[in-house]
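Asks: Sending over a structure as structure tokens; questions will come in a sec.
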Amino acid sequence: MASSRPIFVLSIDGGGILGIIPLKILEHIEKEAGKPIAELFDLITGVSTGGIIALGLTMPSRPYAAPSLGCRRAFYSAKNMSEIYKTRACDIFKKTSFGRFCDMTRVTSLLYALFFSQYQEKGAEALFKEVLGDTPFSHAVTRVLILAYNLQRSLHKGPRLKLFRSYPKPLKQPCYHHIGPKEITFLMKDVARATSSVPTFFPAKYMHYRSKTNVSCETGYFVDGAVVVNDPALFAFLEARRLFPDSEIFILSLGIGKSGNYDAVMKSASPGILTWKKDFFRLIVDPHAESHRSLLRKLIKNSKKSTSYCRIESKKLPNTLRFDDSSPKTIETLNAIGEALVQEEKETLRVFLELLKKKN
């Protein structure tokens with residue numbers, strides 16, 4: 001799938017409600033370019049909330065029966081997705097009455113967390129059904145790569161990291177498992193649930209699909225891909241190189257940002273479960289993301305083909321922000337952080353937009 005023109009790749013990190021921050025960047029890009037995100041990028045990669053954003057921005061306008069990528073138009077803009085996050089995230093992060101009762105004290109909250117997920121899947125699945133409908137993933141407006149983690153795959157069958165593709169698989173397959181539309185056609189709403197099922201916060205997503213010819217079957221319990229990869233830019237680069245081996249590639253990687261140090265843990269003389277609870281998931285995710293970014297920079301530096309990589313994220317987030325806090329105050333804070341980030345990275349975005357305009 002060679003191409004002589006430059007190829008533009010978008011990568012979006014995970015981060016729950018904090019996805020409002022990269023959405024502000026994408027709003028700015030759409031406004032300045034005068035086109036929807038799906039028409040500006042040749043490949044969009046996302047994990048967790050980044051995967052949800054990628055799916056929303058590439059869902060085709062109804063009816064979605066257009067025969068090829070170039071003929072389809074996106075149903076949602078970045079501004080539309082931002083409004084959905086601001087007004088409907090509370091439908092996802094909604095606890096049961098029993099869960100709210102247990103939150104009244106730290107002890108009962110911990111006991112509840114030991115035996116139950118923080119949130120039920122009903123809210124998320126209802127919202128994904130409403131926003132994405134029953135749209136086949138293979139009908140995405142542009143190429144989309146979504147990461148998730150399959151709990152069911154045994155070690156002798158290979159790694160458990162799952163790459164959901166909206167397009168036929170490229171040549172020179174890597175060692176990780178792949179799914180393409182020629183084998184099994186998934187629905188966008190199911191892929192959204194699979195990539196965003198954060199362990200202990202949501203139940204795993206069970207999926208059972210068969211190919212049209214019943215030759216192959218895909219079954220598994222999927223959880224948030226961020227448990228392995230919270231910054232999918234490395235996989236975006238590897239995939240783009242397989243799709244477009246001879247092209248110049250520009251990668252825009254949008255992150256949530258860093259929330260400083262693990263203050264609560266460092267200030268505690270003997271931190272226990274309750275102290276670690278707030279920062280534990282971030283402690284697992286951050287080191288992986290940093291090592292993947294380091295590896296990506298080395299691969300780009302040693303690559304024989306021209307590749308440009310641009311990373312944009314907030315330099316420091318307030319330690320009080322939680323990825324499952326959809327309160328109006330938090331929404332307002334995240335919106336302000338996103339707008340401030342657009343101003344901070346205005347020159348970087350200007351240069352990137354000039355490149356995009358030359359391509360389009």
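Identifiers in this document derive from the order of the structure tokens: chains are assigned A, B, ..., residues are numbered from 1 separately in each chain, and ligands are numbered from 1 in order of occurrence.
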Within 10 Å of Ser77 of chain A, counting only C-alpha atoms, which residues show up once you throw out same-chain ones fewer than 4 positions away? Write them as an mmCIF file with N, CA and C atoms, in the first residue's frame, please.
Replies:
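For reference, part.cif as written:
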```cif
data_model
loop_
_atom_site.group_PDB
_atom_site.id
_atom_site.type_symbol
_atom_site.label_atom_id
_atom_site.label_comp_id
_atom_site.auth_asym_id
_atom_site.auth_seq_id
_atom_site.Cartn_x
_atom_site.Cartn_y
_atom_site.Cartn_z
ATOM 1 N N LEU A 23 -9.431 16.506 23.204
ATOM 2 C CA LEU A 23 -10.536 16.928 22.343
ATOM 3 C C LEU A 23 -10.479 18.430 22.062
ATOM 4 N N LEU A 26 -8.121 18.823 19.250
ATOM 5 C CA LEU A 26 -8.741 18.386 18.001
ATOM 6 C C LEU A 26 -9.782 19.388 17.513
ATOM 7 N N GLU A 27 -10.490 20.014 18.437
ATOM 8 C CA GLU A 27 -11.423 21.082 18.060
ATOM 9 C C GLU A 27 -10.686 22.211 17.339
ATOM 10 N N GLU A 30 -9.636 21.100 13.794
ATOM 11 C CA GLU A 30 -10.776 21.108 12.866
ATOM 12 C C GLU A 30 -11.167 22.525 12.461
ATOM 13 N N LYS A 35 -11.874 21.182 8.124
ATOM 14 C CA LYS A 35 -12.294 19.826 7.767
ATOM 15 C C LYS A 35 -12.389 18.973 9.023
ATOM 16 N N PRO A 36 -13.221 17.908 8.995
ATOM 17 C CA PRO A 36 -13.292 17.005 10.152
ATOM 18 C C PRO A 36 -12.011 16.202 10.306
ATOM 19 N N ILE A 37 -11.731 15.798 11.523
ATOM 20 C CA ILE A 37 -10.500 15.052 11.832
ATOM 21 C C ILE A 37 -10.341 13.822 10.948
ATOM 22 N N ALA A 38 -11.423 13.104 10.710
ATOM 23 C CA ALA A 38 -11.352 11.866 9.934
ATOM 24 C C ALA A 38 -10.870 12.088 8.509
ATOM 25 N N GLY A 56 -15.715 7.690 17.756
ATOM 26 C CA GLY A 56 -16.707 8.738 17.547
ATOM 27 C C GLY A 56 -16.384 9.614 16.355
ATOM 28 N N LEU A 57 -15.111 9.976 16.206
ATOM 29 C CA LEU A 57 -14.700 10.877 15.126
ATOM 30 C C LEU A 57 -14.695 10.205 13.756
ATOM 31 N N THR A 58 -14.764 8.885 13.724
ATOM 32 C CA THR A 58 -14.721 8.173 12.443
ATOM 33 C C THR A 58 -16.017 7.441 12.138
ATOM 34 N N MET A 59 -17.045 7.607 12.989
ATOM 35 C CA MET A 59 -18.325 6.985 12.692
ATOM 36 C C MET A 59 -18.948 7.672 11.483
ATOM 37 N N MET A 81 -18.097 15.560 19.935
ATOM 38 C CA MET A 81 -17.591 14.582 20.898
ATOM 39 C C MET A 81 -17.279 15.240 22.235
ATOM 40 N N SER A 82 -16.763 16.460 22.178
ATOM 41 C CA SER A 82 -16.467 17.196 23.404
ATOM 42 C C SER A 82 -17.743 17.450 24.203
ATOM 43 N N GLU A 83 -18.815 17.802 23.511
ATOM 44 C CA GLU A 83 -20.093 18.038 24.187
ATOM 45 C C GLU A 83 -20.651 16.757 24.794
#
```
Asks: Env of Val198 of chain A: 12 Å cut, atoms = only C-alpha atoms, seq-sep filter 4 positions within chain, self excluded. Answer as a compact mmCIF listing (two decimals) with N, CA, C and O atoms, in the first residue's frame.
Replies:
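Output contents, as saved in selection-v4.txt:
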```
# COMPACT_ATOMS: atom_id res chain seq x y z
N GLY A 14 -5.17 7.12 26.62
CA GLY A 14 -6.29 6.87 27.51
C GLY A 14 -6.29 7.87 28.66
O GLY A 14 -5.32 8.58 28.88
N GLY A 15 -7.42 7.91 29.40
CA GLY A 15 -7.47 8.83 30.54
C GLY A 15 -8.86 9.19 31.01
O GLY A 15 -9.05 10.16 31.72
N GLY A 16 -9.88 8.40 30.63
CA GLY A 16 -11.23 8.64 31.12
C GLY A 16 -11.77 10.01 30.74
O GLY A 16 -11.61 10.48 29.62
N VAL A 47 -6.60 4.28 22.54
CA VAL A 47 -6.78 3.26 23.57
C VAL A 47 -7.61 3.89 24.68
O VAL A 47 -7.49 5.07 24.98
N SER A 48 -8.48 3.10 25.29
CA SER A 48 -9.33 3.56 26.37
C SER A 48 -10.17 4.76 25.92
O SER A 48 -10.84 4.70 24.90
N THR A 49 -10.10 5.89 26.63
CA THR A 49 -10.89 7.05 26.19
C THR A 49 -10.43 7.54 24.82
O THR A 49 -11.23 8.07 24.04
N PHE A 93 -20.10 7.06 34.48
CA PHE A 93 -19.56 6.98 35.84
C PHE A 93 -20.68 7.18 36.86
O PHE A 93 -20.70 8.13 37.62
N SER A 117 -17.14 -4.13 40.98
CA SER A 117 -16.62 -3.04 40.14
C SER A 117 -17.22 -1.73 40.64
O SER A 117 -18.34 -1.70 41.13
N GLN A 118 -16.46 -0.64 40.47
CA GLN A 118 -16.96 0.65 40.93
C GLN A 118 -18.23 1.07 40.19
O GLN A 118 -19.12 1.69 40.77
N TYR A 119 -18.31 0.71 38.90
CA TYR A 119 -19.46 1.10 38.10
C TYR A 119 -19.99 -0.10 37.33
O TYR A 119 -19.25 -1.02 37.00
N GLN A 120 -21.27 -0.08 37.02
CA GLN A 120 -21.86 -1.11 36.19
C GLN A 120 -21.67 -0.76 34.72
O GLN A 120 -21.48 0.40 34.36
N GLU A 121 -21.74 -1.79 33.88
CA GLU A 121 -21.52 -1.57 32.46
C GLU A 121 -22.76 -1.03 31.74
O GLU A 121 -22.66 -0.56 30.59
N ALA A 124 -22.47 2.66 30.36
CA ALA A 124 -21.56 2.80 29.23
C ALA A 124 -22.14 2.18 27.97
O ALA A 124 -22.09 2.76 26.88
N ALA A 148 -6.92 -3.12 22.96
CA ALA A 148 -7.58 -3.65 24.15
C ALA A 148 -6.74 -4.83 24.64
O ALA A 148 -5.75 -5.21 24.01
N TYR A 149 -7.16 -5.43 25.75
CA TYR A 149 -6.41 -6.55 26.32
C TYR A 149 -7.38 -7.70 26.59
O TYR A 149 -8.41 -7.52 27.25
N ALA A 192 -15.67 -0.08 21.57
CA ALA A 192 -15.57 1.01 22.55
C ALA A 192 -15.59 0.46 23.97
O ALA A 192 -14.82 0.90 24.83
N ARG A 193 -16.47 -0.49 24.24
CA ARG A 193 -16.54 -1.09 25.57
C ARG A 193 -15.29 -1.90 25.88
O ARG A 193 -14.76 -1.88 27.00
N ALA A 194 -14.79 -2.60 24.86
CA ALA A 194 -13.62 -3.45 25.07
C ALA A 194 -12.39 -2.65 25.45
O ALA A 194 -11.64 -3.01 26.35
N PHE A 202 -14.86 -1.15 35.85
CA PHE A 202 -15.92 -1.70 35.03
C PHE A 202 -15.70 -3.20 34.84
O PHE A 202 -14.55 -3.67 34.82
N PRO A 203 -16.78 -3.97 34.66
CA PRO A 203 -16.61 -5.40 34.35
C PRO A 203 -15.96 -5.54 32.98
O PRO A 203 -16.08 -4.67 32.11
N ALA A 204 -15.26 -6.65 32.77
CA ALA A 204 -14.67 -6.92 31.47
C ALA A 204 -15.77 -7.08 30.43
O ALA A 204 -16.90 -7.46 30.74
N LYS A 205 -15.45 -6.75 29.18
CA LYS A 205 -16.42 -6.88 28.09
C LYS A 205 -16.28 -8.24 27.43
O LYS A 205 -15.24 -8.57 26.87
N PHE A 222 -12.52 -8.76 27.43
CA PHE A 222 -11.61 -7.67 27.14
C PHE A 222 -11.65 -6.59 28.22
O PHE A 222 -12.71 -6.25 28.74
N VAL A 223 -10.46 -6.06 28.52
CA VAL A 223 -10.34 -4.94 29.45
C VAL A 223 -9.54 -3.83 28.78
O VAL A 223 -8.98 -4.01 27.69
N ASP A 224 -9.52 -2.70 29.44
CA ASP A 224 -8.85 -1.49 28.95
C ASP A 224 -7.43 -1.79 28.46
O ASP A 224 -6.61 -2.34 29.19
N GLY A 225 -7.14 -1.40 27.21
CA GLY A 225 -5.81 -1.63 26.66
C GLY A 225 -4.72 -0.86 27.37
O GLY A 225 -3.53 -1.17 27.23
N ALA A 226 -5.12 0.14 28.18
CA ALA A 226 -4.14 0.95 28.90
C ALA A 226 -3.39 0.16 29.96
O ALA A 226 -2.35 0.62 30.44
N VAL A 227 -3.87 -1.02 30.33
CA VAL A 227 -3.13 -1.82 31.30
C VAL A 227 -1.79 -2.26 30.72
O VAL A 227 -0.87 -2.62 31.45
N VAL A 228 -1.69 -2.21 29.39
CA VAL A 228 -0.43 -2.56 28.72
C VAL A 228 0.14 -1.35 27.98
O VAL A 228 1.33 -1.08 28.04
N ASN A 230 -0.82 2.70 27.36
CA ASN A 230 -1.69 3.87 27.52
C ASN A 230 -1.37 4.95 26.48
O ASN A 230 -2.19 5.83 26.25
N PHE A 281 -3.38 2.73 39.74
CA PHE A 281 -3.52 2.49 38.30
C PHE A 281 -2.54 3.35 37.51
O PHE A 281 -1.92 2.90 36.54
N ARG A 282 -2.35 4.59 37.94
CA ARG A 282 -1.39 5.49 37.27
C ARG A 282 0.03 4.96 37.42
O ARG A 282 0.85 5.11 36.50
N VAL A 285 0.38 2.35 34.74
CA VAL A 285 0.29 2.85 33.37
C VAL A 285 1.46 3.74 32.96
O VAL A 285 2.02 3.59 31.87
N PHE A 323 -9.83 10.24 36.77
CA PHE A 323 -10.35 9.96 35.43
C PHE A 323 -11.83 9.60 35.44
O PHE A 323 -12.49 9.57 34.39
N ASP A 324 -12.41 9.33 36.62
CA ASP A 324 -13.82 8.97 36.69
C ASP A 324 -14.67 10.05 37.36
O ASP A 324 -15.82 9.80 37.75
```
Asks: From the set A:Glu239, A:Ala233, A:Thr195, A:Thr200, which residue has the shortest atom-to-atom contact distance to Lys169 of chain A, counting only C-alpha atoms?
Replies: A:Glu239
Asks: Measuring atom to atom with only C-alpha atoms, identify which of A:Glu248, A:Asp286, A:Glu130, A:Glu125 is nearest to Ser308 of chain A.
Replies: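 The closest residue to Ser308 of chain A is A:Glu248.
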Asks: List as a VMD selection string the protein and nucleic acid residues near Lys122 of chain A, meaning an atom at most 10 Å away when only C-alpha atoms are counted, but skip any in the same chain fewer than 5 places from it.
Replies: chain A and resid 91 to 92 94 127 to 128 202
Asks: Keeping only N, CA and C atoms, write those residues as a PDB file, in the first residue's frame.
Replies:
```
ATOM      1  N   ASP A  91     -23.345   9.573  32.764  1.00  0.00           N
ATOM      2  CA  ASP A  91     -24.125   8.351  32.546  1.00  0.00           C
ATOM      3  C   ASP A  91     -23.254   7.105  32.636  1.00  0.00           C
ATOM      4  N   ILE A  92     -21.962   7.287  32.353  1.00  0.00           N
ATOM      5  CA  ILE A  92     -21.014   6.164  32.424  1.00  0.00           C
ATOM      6  C   ILE A  92     -20.514   5.962  33.847  1.00  0.00           C
ATOM      7  N   LYS A  94     -21.622   6.239  36.845  1.00  0.00           N
ATOM      8  CA  LYS A  94     -22.767   6.320  37.748  1.00  0.00           C
ATOM      9  C   LYS A  94     -22.816   5.052  38.605  1.00  0.00           C
ATOM     10  N   LEU A 127     -24.947   4.292  26.460  1.00  0.00           N
ATOM     11  CA  LEU A 127     -24.446   5.496  25.802  1.00  0.00           C
ATOM     12  C   LEU A 127     -23.743   5.151  24.491  1.00  0.00           C
ATOM     13  N   PHE A 128     -22.937   4.092  24.480  1.00  0.00           N
ATOM     14  CA  PHE A 128     -22.253   3.690  23.249  1.00  0.00           C
ATOM     15  C   PHE A 128     -23.266   3.277  22.182  1.00  0.00           C
ATOM     16  N   PHE A 202     -14.857  -1.151  35.849  1.00  0.00           N
ATOM     17  CA  PHE A 202     -15.923  -1.698  35.025  1.00  0.00           C
ATOM     18  C   PHE A 202     -15.700  -3.197  34.839  1.00  0.00           C
TER      19      PHE A 202
END
```
Asks: From segment 201-258 of chain A, collect each residue whose DSSP state is strand (DSSP E or B) and return the set as a VMD selection string.
Replies: chain A and resid 205 to 210 217 to 224 249 to 257
Asks: May I have the residues from that selection written out with N, CA and C atoms, as a CSV table (one decimal), in the first residue's frame?
Replies:
```csv
chain,number,residue,atom,x,y,z
A,205,LYS,N,-15.5,-6.8,29.2
A,205,LYS,CA,-16.4,-6.9,28.1
A,205,LYS,C,-16.3,-8.2,27.4
A,206,TYR,N,-17.3,-9.1,27.5
A,206,TYR,CA,-17.3,-10.4,26.8
A,206,TYR,C,-17.8,-10.2,25.4
A,207,MET,N,-17.0,-10.7,24.5
A,207,MET,CA,-17.3,-10.6,23.0
A,207,MET,C,-17.2,-12.0,22.4
A,208,HIS,N,-18.2,-12.3,21.6
A,208,HIS,CA,-18.2,-13.6,20.8
A,208,HIS,C,-18.7,-13.3,19.4
A,209,TYR,N,-17.7,-13.4,18.5
A,209,TYR,CA,-18.1,-13.1,17.1
A,209,TYR,C,-17.6,-14.2,16.2
A,210,ARG,N,-18.4,-14.4,15.1
A,210,ARG,CA,-18.0,-15.4,14.1
A,210,ARG,C,-17.8,-14.7,12.8
A,217,CYS,N,-13.6,-17.8,14.7
A,217,CYS,CA,-14.4,-17.3,15.8
A,217,CYS,C,-13.5,-16.5,16.7
A,218,GLU,N,-14.0,-15.4,17.3
A,218,GLU,CA,-13.2,-14.6,18.2
A,218,GLU,C,-14.0,-14.5,19.5
A,219,THR,N,-13.5,-15.0,20.6
A,219,THR,CA,-14.1,-15.0,21.9
A,219,THR,C,-13.1,-14.4,22.9
A,220,GLY,N,-13.6,-13.7,23.9
A,220,GLY,CA,-12.7,-13.2,24.9
A,220,GLY,C,-13.4,-12.2,25.9
A,221,TYR,N,-12.7,-12.0,27.0
A,221,TYR,CA,-13.1,-11.0,28.0
A,221,TYR,C,-12.1,-9.9,27.9
A,222,PHE,N,-12.5,-8.8,27.4
A,222,PHE,CA,-11.6,-7.7,27.1
A,222,PHE,C,-11.6,-6.6,28.2
A,223,VAL,N,-10.5,-6.1,28.5
A,223,VAL,CA,-10.3,-4.9,29.4
A,223,VAL,C,-9.5,-3.8,28.8
A,224,ASP,N,-9.5,-2.7,29.4
A,224,ASP,CA,-8.9,-1.5,29.0
A,224,ASP,C,-7.4,-1.8,28.5
A,249,ILE,N,6.1,10.0,7.0
A,249,ILE,CA,5.0,9.9,8.0
A,249,ILE,C,5.1,11.0,9.1
A,250,PHE,N,3.9,11.6,9.4
A,250,PHE,CA,3.9,12.6,10.4
A,250,PHE,C,2.9,12.1,11.5
A,251,ILE,N,3.4,12.0,12.7
A,251,ILE,CA,2.6,11.4,13.8
A,251,ILE,C,2.3,12.5,14.8
A,252,LEU,N,1.0,12.7,15.1
A,252,LEU,CA,0.6,13.7,16.2
A,252,LEU,C,0.1,12.8,17.3
A,253,SER,N,0.8,12.9,18.4
A,253,SER,CA,0.4,12.1,19.6
A,253,SER,C,-0.2,13.0,20.7
A,254,LEU,N,-1.4,12.8,21.1
A,254,LEU,CA,-2.1,13.6,22.0
A,254,LEU,C,-2.3,12.9,23.4
A,255,GLY,N,-1.7,13.5,24.4
A,255,GLY,CA,-1.8,12.8,25.7
A,255,GLY,C,-2.7,13.6,26.7
A,256,ILE,N,-2.9,13.1,27.8
A,256,ILE,CA,-3.7,13.7,28.9
A,256,ILE,C,-2.8,14.7,29.7
A,257,GLY,N,-1.6,14.2,30.0
A,257,GLY,CA,-0.7,15.0,30.8
A,257,GLY,C,-0.3,14.3,32.1
```
Asks: Can you tell me how far atom CA of Arg350 of chain A sits from atom CA of Asn335 of chain A, in Å to one decimal?
Replies: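 Result for atom CA of Arg350 of chain A versus atom CA of Asn335 of chain A: 20.7 Å, one decimal.
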Asks: In Å, with one decimal, what is the gap from atom CA of Phe186 of chain A to atom CA of Ile21 of chain A?
Replies: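 Separation of atom CA of Phe186 of chain A and atom CA of Ile21 of chain A: 28.2 Å.
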Asks: Tell me, in Å to one decimal, how far atom CA of Gly133 of chain A is from atom CA of Lys189 of chain A.
Replies: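 If I compute the distance from atom CA of Gly133 of chain A to atom CA of Lys189 of chain A, I get 6.9 Å.
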Asks: Go through A:Pro245, A:Gly51, A:Pro168, A:Pro318 and flag the residue nearest Ser197 of chain A, using only C-alpha atoms for the distances.
Replies: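 Comparing A:Pro245, A:Gly51, A:Pro168, A:Pro318 against Ser197 of chain A, the winner is A:Gly51.
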